[in-house]
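What follows is final-v2.csv (CSV, C-alpha atoms).
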```
chain,number,residue,atom,x,y,z
K,1,MET,CA,115.6,80.8,34.2
K,2,GLY,CA,116.0,79.1,30.9
K,3,PHE,CA,113.9,79.6,27.8
K,4,ALA,CA,112.4,76.3,26.9
K,5,VAL,CA,109.7,75.9,24.3
K,6,ARG,CA,106.5,75.0,26.0
K,7,PRO,CA,104.3,72.9,23.7
K,8,VAL,CA,101.8,72.2,26.5
K,9,PHE,CA,101.4,75.9,27.1
K,10,ARG,CA,100.9,76.5,23.4
K,11,GLU,CA,98.3,73.7,23.1
K,12,SER,CA,96.4,75.0,26.2
K,13,ASN,CA,96.6,78.5,24.8
K,14,CYS,CA,95.1,77.4,21.5
K,15,LEU,CA,92.3,75.6,23.3
K,16,LYS,CA,91.5,78.8,25.3
K,17,SER,CA,91.4,80.8,22.0
K,18,VAL,CA,88.9,78.3,20.5
K,19,LEU,CA,86.7,78.4,23.6
K,20,LYS,CA,86.8,82.1,23.6
K,21,LEU,CA,85.8,82.3,19.9
K,22,TYR,CA,82.7,80.0,20.3
K,23,PHE,CA,81.9,81.0,23.9
K,24,PRO,CA,82.8,84.6,24.3
K,25,SER,CA,81.2,84.9,27.7
K,26,ILE,CA,83.4,82.2,29.2
K,27,SER,CA,85.7,83.4,32.0
K,28,ILE,CA,89.4,82.6,31.6
K,29,LEU,CA,91.7,81.8,34.5
K,30,VAL,CA,94.1,84.8,34.5
K,31,GLU,CA,96.7,83.7,37.1
K,32,PRO,CA,97.8,80.5,35.4
K,33,ILE,CA,98.4,82.4,32.2
K,34,LEU,CA,100.4,85.1,33.8
K,35,GLN,CA,102.4,82.6,35.8
K,36,GLU,CA,103.2,80.6,32.7
K,37,LEU,CA,104.3,83.8,30.9
K,38,ALA,CA,106.5,85.0,33.7
K,39,ALA,CA,108.1,81.6,34.4
K,40,GLY,CA,110.4,81.8,31.4
K,41,GLN,CA,111.0,85.6,31.6
K,42,TRP,CA,112.6,86.3,35.0
K,43,GLY,CA,109.1,86.7,36.5
K,44,LEU,CA,108.2,89.4,34.0
K,45,PHE,CA,105.7,89.7,31.1
K,46,THR,CA,104.4,92.3,28.8
K,47,THR,CA,100.8,93.6,28.2
K,48,ALA,CA,101.0,92.5,24.6
K,49,GLN,CA,102.0,89.0,25.6
K,50,ALA,CA,99.1,88.8,28.1
K,51,GLN,CA,96.5,90.2,25.6
K,52,ALA,CA,97.5,87.7,23.0
K,53,ARG,CA,96.5,85.1,25.5
K,54,GLY,CA,93.1,86.6,26.3
K,55,VAL,CA,94.1,88.7,29.4
K,56,SER,CA,92.7,92.2,29.1
K,57,ARG,CA,94.2,95.5,30.2
K,58,ALA,CA,91.5,95.7,32.8
K,59,ASN,CA,92.6,92.4,34.3
K,60,LEU,CA,96.1,93.7,34.6
K,61,SER,CA,95.1,97.1,36.0
K,62,HIS,CA,93.0,95.4,38.7
K,63,ARG,CA,95.8,93.1,39.7
K,64,GLU,CA,98.3,96.0,39.8
K,65,ARG,CA,96.0,98.0,42.1
K,66,ASP,CA,95.7,95.1,44.6
K,67,GLY,CA,99.4,94.4,44.5
K,68,ARG,CA,99.4,91.1,42.6
K,69,LEU,CA,101.3,92.8,39.8
K,70,GLU,CA,104.0,95.5,39.7
K,71,ARG,CA,104.6,97.7,36.7
K,72,LEU,CA,108.3,98.1,35.9
K,73,ALA,CA,108.0,100.0,32.7
K,74,HIS,CA,105.3,101.0,30.2
K,75,GLY,CA,103.6,97.7,29.2
K,76,VAL,CA,105.9,95.5,31.4
K,77,TYR,CA,104.9,93.9,34.6
K,78,ARG,CA,106.4,91.7,37.3
K,79,LEU,CA,104.4,89.1,39.3
K,80,GLY,CA,103.9,90.1,42.9
K,81,GLY,CA,106.1,88.0,45.3
K,82,VAL,CA,108.8,87.5,42.7
K,83,PRO,CA,112.2,88.5,44.3
K,84,VAL,CA,113.6,91.7,42.9
K,85,ALA,CA,116.8,91.2,40.8
K,86,PRO,CA,119.4,93.8,39.9
K,87,LEU,CA,118.8,93.5,36.2
K,88,ASP,CA,115.0,93.7,36.3
K,89,ASP,CA,114.8,97.3,35.0
K,90,LEU,CA,117.1,96.6,32.2
K,91,ARG,CA,115.3,93.4,31.3
K,92,ALA,CA,112.0,95.3,31.3
K,93,ALA,CA,113.4,97.9,29.0
K,94,TRP,CA,114.7,95.3,26.6
K,95,MET,CA,111.4,93.3,26.7
K,96,SER,CA,109.5,96.5,25.9
K,97,THR,CA,111.3,96.9,22.6
K,98,GLU,CA,109.5,93.9,21.0
K,99,PRO,CA,106.7,93.3,23.5
K,100,ALA,CA,104.8,90.7,21.6
K,101,LEU,CA,107.7,88.2,21.5
K,102,LEU,CA,108.7,86.0,24.4
K,103,ALA,CA,112.2,86.5,25.7
K,104,TRP,CA,113.5,83.1,24.7
K,105,GLU,CA,112.2,83.6,21.2
K,106,ARG,CA,114.5,86.7,20.7
K,107,VAL,CA,117.9,85.5,21.8
K,108,SER,CA,118.9,83.2,18.9
K,109,SER,CA,118.8,86.0,16.3
K,110,PRO,CA,118.4,89.2,18.4
K,111,ARG,CA,117.3,92.4,16.7
K,112,VAL,CA,117.9,94.4,19.9
K,113,VAL,CA,121.3,93.9,21.7
K,114,VAL,CA,122.2,95.5,25.0
K,115,GLY,CA,125.4,97.5,24.8
K,116,GLY,CA,127.6,100.1,26.5
K,117,ALA,CA,127.5,100.5,30.3
K,118,ALA,CA,124.3,98.4,30.4
K,119,ALA,CA,126.2,95.5,28.9
K,120,ALA,CA,129.1,96.0,31.4
K,121,ALA,CA,126.5,95.7,34.2
K,122,VAL,CA,125.3,92.4,32.7
K,123,HIS,CA,128.9,91.2,32.6
K,124,GLU,CA,129.2,92.4,36.2
K,125,CYS,CA,132.2,94.5,35.3
K,126,GLY,CA,133.0,98.0,36.5
K,127,GLY,CA,130.7,100.5,38.2
K,128,ILE,CA,129.5,102.8,35.4
K,129,ASN,CA,125.9,103.9,35.7
K,130,PRO,CA,124.1,101.9,33.0
K,131,VAL,CA,121.2,104.3,32.6
K,132,PRO,CA,120.1,105.2,30.0
K,133,TYR,CA,120.3,101.7,28.7
K,134,LEU,CA,122.1,101.5,25.4
K,135,LEU,CA,120.1,99.2,23.0
K,136,ILE,CA,121.8,98.5,19.7
K,137,THR,CA,119.7,97.7,16.6
K,138,ASN,CA,120.3,97.4,12.9
K,139,GLU,CA,117.2,99.6,12.1
K,140,ARG,CA,116.3,103.2,12.9
K,141,ARG,CA,114.4,103.5,16.2
K,142,GLN,CA,113.3,106.4,18.3
K,143,THR,CA,111.9,106.7,21.8
K,144,GLN,CA,110.8,109.4,24.2
K,145,ARG,CA,111.7,107.3,27.2
K,146,THR,CA,114.6,108.8,29.2
K,147,ASP,CA,115.9,105.3,30.4
K,148,ILE,CA,116.5,104.0,26.8
K,149,ALA,CA,119.0,105.2,24.2
K,150,TYR,CA,119.0,103.5,20.8
K,151,SER,CA,122.0,103.1,18.6
K,152,ARG,CA,121.7,102.0,15.0
K,153,ARG,CA,124.6,99.7,14.1
K,154,GLN,CA,125.3,96.3,12.5
K,155,LEU,CA,127.2,94.1,15.0
K,156,ASP,CA,129.5,91.3,14.0
K,157,SER,CA,128.2,87.9,15.3
K,158,ARG,CA,131.4,87.4,17.3
K,159,ASP,CA,130.6,90.6,19.2
K,160,VAL,CA,127.2,89.4,20.5
K,161,VAL,CA,126.9,86.9,23.4
K,162,VAL,CA,124.1,85.8,25.7
K,163,VAL,CA,124.6,86.5,29.4
K,164,ALA,CA,121.9,85.8,32.0
K,165,GLY,CA,119.4,85.3,29.2
K,166,LEU,CA,120.1,88.7,27.6
K,167,PRO,CA,121.8,89.3,24.2
K,168,VAL,CA,124.7,91.7,25.0
K,169,THR,CA,127.8,92.9,23.3
K,170,SER,CA,130.9,90.8,24.1
K,171,ILE,CA,133.3,92.1,26.8
K,172,GLU,CA,135.7,93.2,24.1
K,173,CYS,CA,133.1,95.1,22.1
K,174,THR,CA,131.7,96.6,25.4
K,175,VAL,CA,135.1,97.9,26.4
K,176,ALA,CA,135.7,99.4,23.0
K,177,ASP,CA,132.3,101.1,23.0
K,178,LEU,CA,133.0,102.5,26.4
K,179,VAL,CA,136.3,103.9,25.3
K,180,ASP,CA,134.5,105.6,22.5
K,181,LYS,CA,131.5,106.9,24.5
K,182,ILE,CA,132.8,107.4,28.1
K,183,GLY,CA,136.3,108.7,27.4
K,184,ASP,CA,137.5,108.2,31.0
K,185,LEU,CA,140.0,105.4,30.7
K,186,SER,CA,140.2,104.9,34.5
K,187,LEU,CA,136.5,104.0,34.5
K,188,VAL,CA,136.8,101.8,31.4
K,189,GLY,CA,139.9,100.3,32.9
K,190,ASP,CA,137.9,99.1,35.9
K,191,VAL,CA,135.6,97.3,33.5
K,192,LEU,CA,138.5,95.6,31.8
K,193,ALA,CA,140.2,94.7,35.1
K,194,ASP,CA,137.0,93.0,36.4
K,195,ALA,CA,136.7,91.2,33.1
K,196,THR,CA,140.1,89.7,33.4
K,197,ARG,CA,139.5,88.3,36.8
K,198,GLY,CA,138.4,84.7,37.4
K,199,LYS,CA,137.9,82.2,34.6
K,200,ARG,CA,136.6,84.7,32.0
K,201,ALA,CA,138.8,85.0,28.9
K,202,VAL,CA,139.3,88.3,27.2
K,203,ASP,CA,140.6,88.3,23.6
K,204,LEU,CA,143.1,91.2,23.9
K,205,GLU,CA,144.1,90.9,20.3
K,206,HIS,CA,140.5,91.4,19.1
K,207,LEU,CA,140.1,94.2,21.6
K,208,GLY,CA,143.2,95.9,20.1
K,209,ARG,CA,141.6,95.8,16.7
K,210,LEU,CA,138.3,97.2,18.0
K,211,LEU,CA,140.2,100.1,19.6
K,212,THR,CA,141.9,101.1,16.3
K,213,PRO,CA,139.4,103.9,15.4
K,214,PHE,CA,140.0,105.7,18.7
K,215,ALA,CA,143.8,105.6,19.0
K,216,ALA,CA,144.5,109.1,17.6
K,217,ARG,CA,141.9,110.5,20.0
K,218,TYR,CA,144.1,109.4,22.9
K,219,GLY,CA,147.4,110.6,21.5
K,220,HIS,CA,148.6,107.5,19.7
K,221,PRO,CA,149.4,107.1,16.0
K,222,ARG,CA,146.3,106.8,13.9
K,223,GLY,CA,145.1,103.2,13.7
K,224,ASP,CA,147.4,102.0,16.5
K,225,GLY,CA,144.8,100.1,18.5
K,226,PRO,CA,147.4,98.0,20.4
K,227,ALA,CA,149.1,101.2,21.8
K,228,LEU,CA,145.7,102.4,23.1
K,229,LEU,CA,145.1,98.9,24.5
K,230,GLU,CA,148.4,99.1,26.5
K,231,GLN,CA,147.4,102.5,27.8
K,232,LEU,CA,144.1,101.1,28.9
K,233,ARG,CA,145.7,98.0,30.5
K,234,ARG,CA,148.1,100.3,32.5
K,235,SER,CA,145.1,102.3,33.6
K,236,ALA,CA,143.5,99.0,34.7
K,237,GLY,CA,146.6,97.8,36.4
K,238,ILE,CA,146.8,94.6,34.3
K,239,ASP,CA,149.7,95.4,32.0
K,240,ASP,CA,152.7,93.1,32.0
K,241,VAL,CA,154.7,95.2,34.5
K,242,ALA,CA,151.7,95.2,36.9
K,243,ALA,CA,151.3,91.4,36.4
K,244,ALA,CA,155.0,90.9,37.1
K,245,ARG,CA,154.8,92.9,40.3
K,246,GLU,CA,151.7,91.0,41.4
K,247,LEU,CA,153.7,87.8,40.9
K,248,MET,CA,156.3,89.2,43.3
K,249,GLN,CA,153.7,89.6,46.0
K,250,ARG,CA,153.4,85.8,46.1
K,251,PRO,CA,155.5,84.7,49.1
K,252,ALA,CA,157.2,81.8,47.3
K,253,ILE,CA,158.2,83.8,44.2
K,254,GLY,CA,159.1,87.0,46.1
K,255,SER,CA,161.3,85.3,48.7
K,256,ALA,CA,163.0,83.1,46.1
K,257,LEU,CA,164.0,86.2,44.0
K,258,THR,CA,165.0,88.1,47.1
K,259,GLU,CA,167.3,85.3,48.2
K,260,ILE,CA,168.9,85.2,44.8
K,261,VAL,CA,169.6,88.9,44.9
K,262,ASN,CA,170.9,88.7,48.5
K,263,ARG,CA,173.2,85.9,47.6
K,264,GLU,CA,174.5,87.9,44.6
K,265,VAL,CA,175.2,91.0,46.7
K,266,GLU,CA,177.1,88.9,49.3
K,267,GLU,CA,179.2,87.3,46.6
K,268,GLN,CA,180.1,90.7,45.2
K,269,LEU,CA,181.1,92.0,48.6
K,270,LYS,CA,183.4,89.0,49.1
K,271,ILE,CA,185.0,89.7,45.8
K,272,ILE,CA,185.6,93.3,46.8
K,273,VAL,CA,187.1,92.4,50.1
K,274,ALA,CA,189.3,89.7,48.6
K,275,GLY,CA,190.7,92.2,46.1
K,276,LEU,CA,191.5,94.7,48.8
K,277,GLU,CA,193.1,92.4,51.4
K,278,PRO,CA,196.6,92.1,49.8
K,279,GLN,CA,196.8,95.8,49.5
K,280,GLN,CA,195.5,97.1,52.8
K,281,PRO,CA,196.4,96.1,56.4
K,282,GLY,CA,193.7,95.4,58.9
K,283,SER,CA,191.7,93.5,56.3
K,284,VAL,CA,189.4,92.0,58.9
K,285,GLU,CA,188.4,95.4,60.2
K,286,MET,CA,187.9,96.6,56.6
K,287,ARG,CA,185.7,93.6,55.9
K,288,GLU,CA,183.5,94.4,58.9
K,289,GLN,CA,183.3,98.0,57.9
K,290,ILE,CA,182.2,97.2,54.4
K,291,GLU,CA,179.6,94.9,55.7
K,292,ARG,CA,178.3,97.6,58.1
K,293,MET,CA,178.3,100.1,55.2
K,294,SER,CA,176.2,97.7,53.1
K,295,THR,CA,173.6,97.0,55.7
K,296,PRO,CA,171.6,100.2,55.2
K,297,ALA,CA,171.4,99.4,51.5
K,298,LEU,CA,169.6,96.1,52.1
K,299,PRO,CA,166.1,97.7,52.3
K,300,GLU,CA,166.7,98.8,48.7
K,301,LEU,CA,166.5,95.2,47.7
K,302,SER,CA,162.8,95.4,47.4
K,303,ARG,CA,163.2,98.2,44.8
K,304,LEU,CA,165.8,96.2,43.0
K,305,VAL,CA,163.6,93.1,43.0
K,306,SER,CA,160.7,95.2,41.5
K,307,GLU,CA,163.0,96.4,38.7
K,308,ILE,CA,164.0,92.8,38.0
K,309,ALA,CA,160.4,91.9,37.8
K,310,ASP,CA,159.8,94.7,35.3
K,311,THR,CA,162.7,93.8,33.0
K,312,VAL,CA,162.8,90.0,33.3
K,313,LEU,CA,159.3,88.7,34.2
K,314,ALA,CA,157.2,91.1,32.2
K,315,PRO,CA,158.7,90.0,28.8
K,316,VAL,CA,158.1,86.4,29.8
K,317,LEU,CA,154.5,87.0,30.6
K,318,GLN,CA,154.1,88.8,27.2
K,319,ARG,CA,155.6,85.8,25.3
K,320,GLN,CA,153.3,83.4,27.2
K,321,ARG,CA,150.2,85.6,26.4
K,322,GLU,CA,151.2,85.7,22.7
K,323,HIS,CA,151.6,81.9,22.7
K,324,ARG,CA,148.2,81.4,24.2
K,325,HIS,CA,146.6,83.7,21.6
K,326,LEU,CA,148.3,81.8,18.8
K,327,ILE,CA,147.0,78.5,20.2
K,328,ALA,CA,143.5,79.9,20.6
K,329,ASN,CA,143.4,81.4,17.1
K,330,THR,CA,144.5,78.1,15.5
K,331,THR,CA,142.4,75.6,17.4
K,332,LEU,CA,139.1,77.2,18.3
K,333,PRO,CA,136.3,76.3,15.8
K,334,PRO,CA,134.3,79.1,14.3
K,335,SER,CA,130.9,80.0,15.9
K,336,GLY,CA,128.0,78.3,14.1
K,337,ASP,CA,125.2,81.0,14.7
K,338,GLY,CA,124.8,84.6,15.3
K,339,THR,CA,125.5,84.5,19.0
K,340,ARG,CA,127.8,82.8,21.5
K,341,ASP,CA,127.0,81.7,25.0
K,342,ALA,CA,129.1,83.3,27.7
K,343,ALA,CA,129.5,82.5,31.3
K,344,ASN,CA,128.2,85.2,33.6
```

Can you dump the structure from the file as structure tokens?
Amino acid sequence: MGFAVRPVFRESNCLKSVLKLYFPSISILVEPILQELAAGQWGLFTTAQAQARGVSRANLSHRERDGRLERLAHGVYRLGGVPVAPLDDLRAAWMSTEPALLAWERVSSPRVVVGGAAAAAVHECGGINPVPYLLITNERRQTQRTDIAYSRRQLDSRDVVVVAGLPVTSIECTVADLVDKIGDLSLVGDVLADATRGKRAVDLEHLGRLLTPFAARYGHPRGDGPALLEQLRRSAGIDDVAAARELMQRPAIGSALTEIVNREVEEQLKIIVAGLEPQQPGSVEMREQIERMSTPALPELSRLVSEIADTVLAPVLQRQREHRHLIANTTLPPSGDGTRDAAN
């Protein structure tokens, strides 16, 4: 659901406030208010938002008891009948951090950003348990809730994107944070592997810079973020060698390279036989014997082809990747505000 400013709702809300001021006994219509609140917030709203519009806690409690409302977190409700969504609990946790503000009012300059495994869940990458939800702020915050963990930190604007209506760390920042906090590169590698699939773009150069502080921890020279990135990519199975081998799985490419190797082997056998014929009698029998000897070696072609992919195709892929990064860094305009939209 989008977050559109609703002037009609604001005007009607002002009218209700005026009527309530001069006619305190007047009964307000609760359902339309709650439905309007929830319409732009995934079917959710907070107690603070409802009270600001004249709906009392008693109104909410009564509707919770009869099933018209469902409480997801302290002070956060979902309308009855609204389909349950995978991110509802995370959205409720995020909404509870600034309960008086509507969700769409918070995304342009967010003071609370979803990070870590929770951000990976929003990006639909990996399978790391997102709870407790990591919420990054630039001010000191504390909570007794076990499902929320605050982290005080100033994020660069390029490391904050909006996905599914939530401000979250970019996939590059998310992966770097998980390398720092999780430590298991196989789990983080799954996140990176998922992120590179489909049409989503991952800025590997920027990710390498973000990994710089953690290189020594994983046995690399201090500050060598690119080396740690390569280790992570190997763990994810998306390094250049893996990419080259994946290319070889494509029937057209694999069969073409196998044919080339086959032809080269046959030519070398012919040269060997031709060189031996003047020196040895029975050259026809020798040729047949050499061919019979070479037949068991033909299954080794697949290994040879794989080695060719590693040594020939992988560098080509690396040069293409570097060329794409160069083009992207020289043609993309800078972001104009504090966040960037990202496709989910």

| query | Any idea what's packed within 10 Å of Arg152 of chain K, counting only C-alpha atoms, ignoring anything in its chain fewer than 2 positions away? Could you give it as an MDAnalysis selection string? | reply | chainID K and resid 112 135:141 150 154:155

| query | Which of these residues is nearest to Ile171 of chain K, using only C-alpha atoms: K:Gly126, K:Gly40, K:Gly67, K:Pro99? | reply |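 Using only C-alpha atoms, Ile171 of chain K sits closest to K:Gly126.
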
| Residues near Val191 of chain K, cut-off 8 Å, only C-alpha atoms, skip fewer than 5 positions along chain, as a list in words | Ala120, Cys125, Gly126, Gly127 and Val175 of chain K

| query | Pick from K:Ala201, K:Val168, K:Leu229, K:Leu44: nearest to Ala103 of chain K, with all atoms listed in the file counted? | reply |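 Closest to Ala103 of chain K of all the choices is K:Leu44.
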
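The coordinates place atom CA of Val188 of chain K at 19.6 Å from atom CA of Ser151 of chain K.
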
| query | Using all atoms listed in the file, which of K:Glu98, K:Asp203, K:Glu172, K:Asp184 sits nearest Tyr218 of chain K? | reply | K:Asp184

| To one decimal place, how far is atom CA of Ala38 of chain K from atom CA of Val82 of chain K in Å? |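 So the two atoms, atom CA of Ala38 of chain K and atom CA of Val82 of chain K, lie 9.6 Å apart.
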
| query | In terms of the shortest atom-to-atom distance over all atoms listed in the file, which of K:Leu72, K:Leu101, K:Leu228, K:Leu87 is closest to Ala118 of chain K? | reply |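 For Ala118 of chain K, the nearest of the candidates is K:Leu87.
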
| With only C-alpha atoms as the basis for distance, which of K:Val107, K:Leu134, K:Ala100, K:Leu166 is at the shortest distance from Trp42 of chain K? |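 Of all the options, K:Leu166 lies closest to Trp42 of chain K.
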
| query | Rounded to one decimal in Å, what is the spacing between atom CA of Pro167 of chain K and atom CA of Arg153 of chain K? | reply |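 So the answer is 14.8 Å.
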
| query | Any idea what's packed within 12 Å of Cys173 of chain K, counting only C-alpha atoms, ignoring anything in its chain fewer than 5 positions away? Could you give it as a PyMOL selection string? | reply | chain K and resi 113-117+119-120+123+155-161+168+178-180+191-192+202-211

Atoms to include: C-alpha atoms. Write the selected residues as a PDB file, in the coordinates of the input.
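Listed below is the output, selection-v1.pdb:
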```
ATOM      1  CA  VAL K 113     121.300  93.900  21.700  1.00  0.00           C
ATOM      2  CA  VAL K 114     122.200  95.500  25.000  1.00  0.00           C
ATOM      3  CA  GLY K 115     125.400  97.500  24.800  1.00  0.00           C
ATOM      4  CA  GLY K 116     127.600 100.100  26.500  1.00  0.00           C
ATOM      5  CA  ALA K 117     127.500 100.500  30.300  1.00  0.00           C
ATOM      6  CA  ALA K 119     126.200  95.500  28.900  1.00  0.00           C
ATOM      7  CA  ALA K 120     129.100  96.000  31.400  1.00  0.00           C
ATOM      8  CA  HIS K 123     128.900  91.200  32.600  1.00  0.00           C
ATOM      9  CA  LEU K 155     127.200  94.100  15.000  1.00  0.00           C
ATOM     10  CA  ASP K 156     129.500  91.300  14.000  1.00  0.00           C
ATOM     11  CA  SER K 157     128.200  87.900  15.300  1.00  0.00           C
ATOM     12  CA  ARG K 158     131.400  87.400  17.300  1.00  0.00           C
ATOM     13  CA  ASP K 159     130.600  90.600  19.200  1.00  0.00           C
ATOM     14  CA  VAL K 160     127.200  89.400  20.500  1.00  0.00           C
ATOM     15  CA  VAL K 161     126.900  86.900  23.400  1.00  0.00           C
ATOM     16  CA  VAL K 168     124.700  91.700  25.000  1.00  0.00           C
ATOM     17  CA  LEU K 178     133.000 102.500  26.400  1.00  0.00           C
ATOM     18  CA  VAL K 179     136.300 103.900  25.300  1.00  0.00           C
ATOM     19  CA  ASP K 180     134.500 105.600  22.500  1.00  0.00           C
ATOM     20  CA  VAL K 191     135.600  97.300  33.500  1.00  0.00           C
ATOM     21  CA  LEU K 192     138.500  95.600  31.800  1.00  0.00           C
ATOM     22  CA  VAL K 202     139.300  88.300  27.200  1.00  0.00           C
ATOM     23  CA  ASP K 203     140.600  88.300  23.600  1.00  0.00           C
ATOM     24  CA  LEU K 204     143.100  91.200  23.900  1.00  0.00           C
ATOM     25  CA  GLU K 205     144.100  90.900  20.300  1.00  0.00           C
ATOM     26  CA  HIS K 206     140.500  91.400  19.100  1.00  0.00           C
ATOM     27  CA  LEU K 207     140.100  94.200  21.600  1.00  0.00           C
ATOM     28  CA  GLY K 208     143.200  95.900  20.100  1.00  0.00           C
ATOM     29  CA  ARG K 209     141.600  95.800  16.700  1.00  0.00           C
ATOM     30  CA  LEU K 210     138.300  97.200  18.000  1.00  0.00           C
ATOM     31  CA  LEU K 211     140.200 100.100  19.600  1.00  0.00           C
TER      32      LEU K 211
END
```

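Near Arg68 of chain K, within a cut-off of 9 Å and counting all atoms listed in the file, sit the residues His62, Arg63, Glu64, Arg78, Leu79, Gly80 and Gly81 of chain K, with same-chain residues fewer than 4 positions away left out.
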
| message | Show me the residues close to (105.4, 102.1, 30.1) - anything with an atom within 12 Å, counting all atoms listed in the file - and format the list as a list of chain:residue names. | response | K:Thr46, K:Thr47, K:Ala48, K:Glu70, K:Arg71, K:Leu72, K:Ala73, K:His74, K:Gly75, K:Val76, K:Tyr77, K:Asp89, K:Ala92, K:Ala93, K:Met95, K:Ser96, K:Thr97, K:Pro99, K:Thr143, K:Gln144, K:Arg145, K:Thr146, K:Asp147, K:Ile148
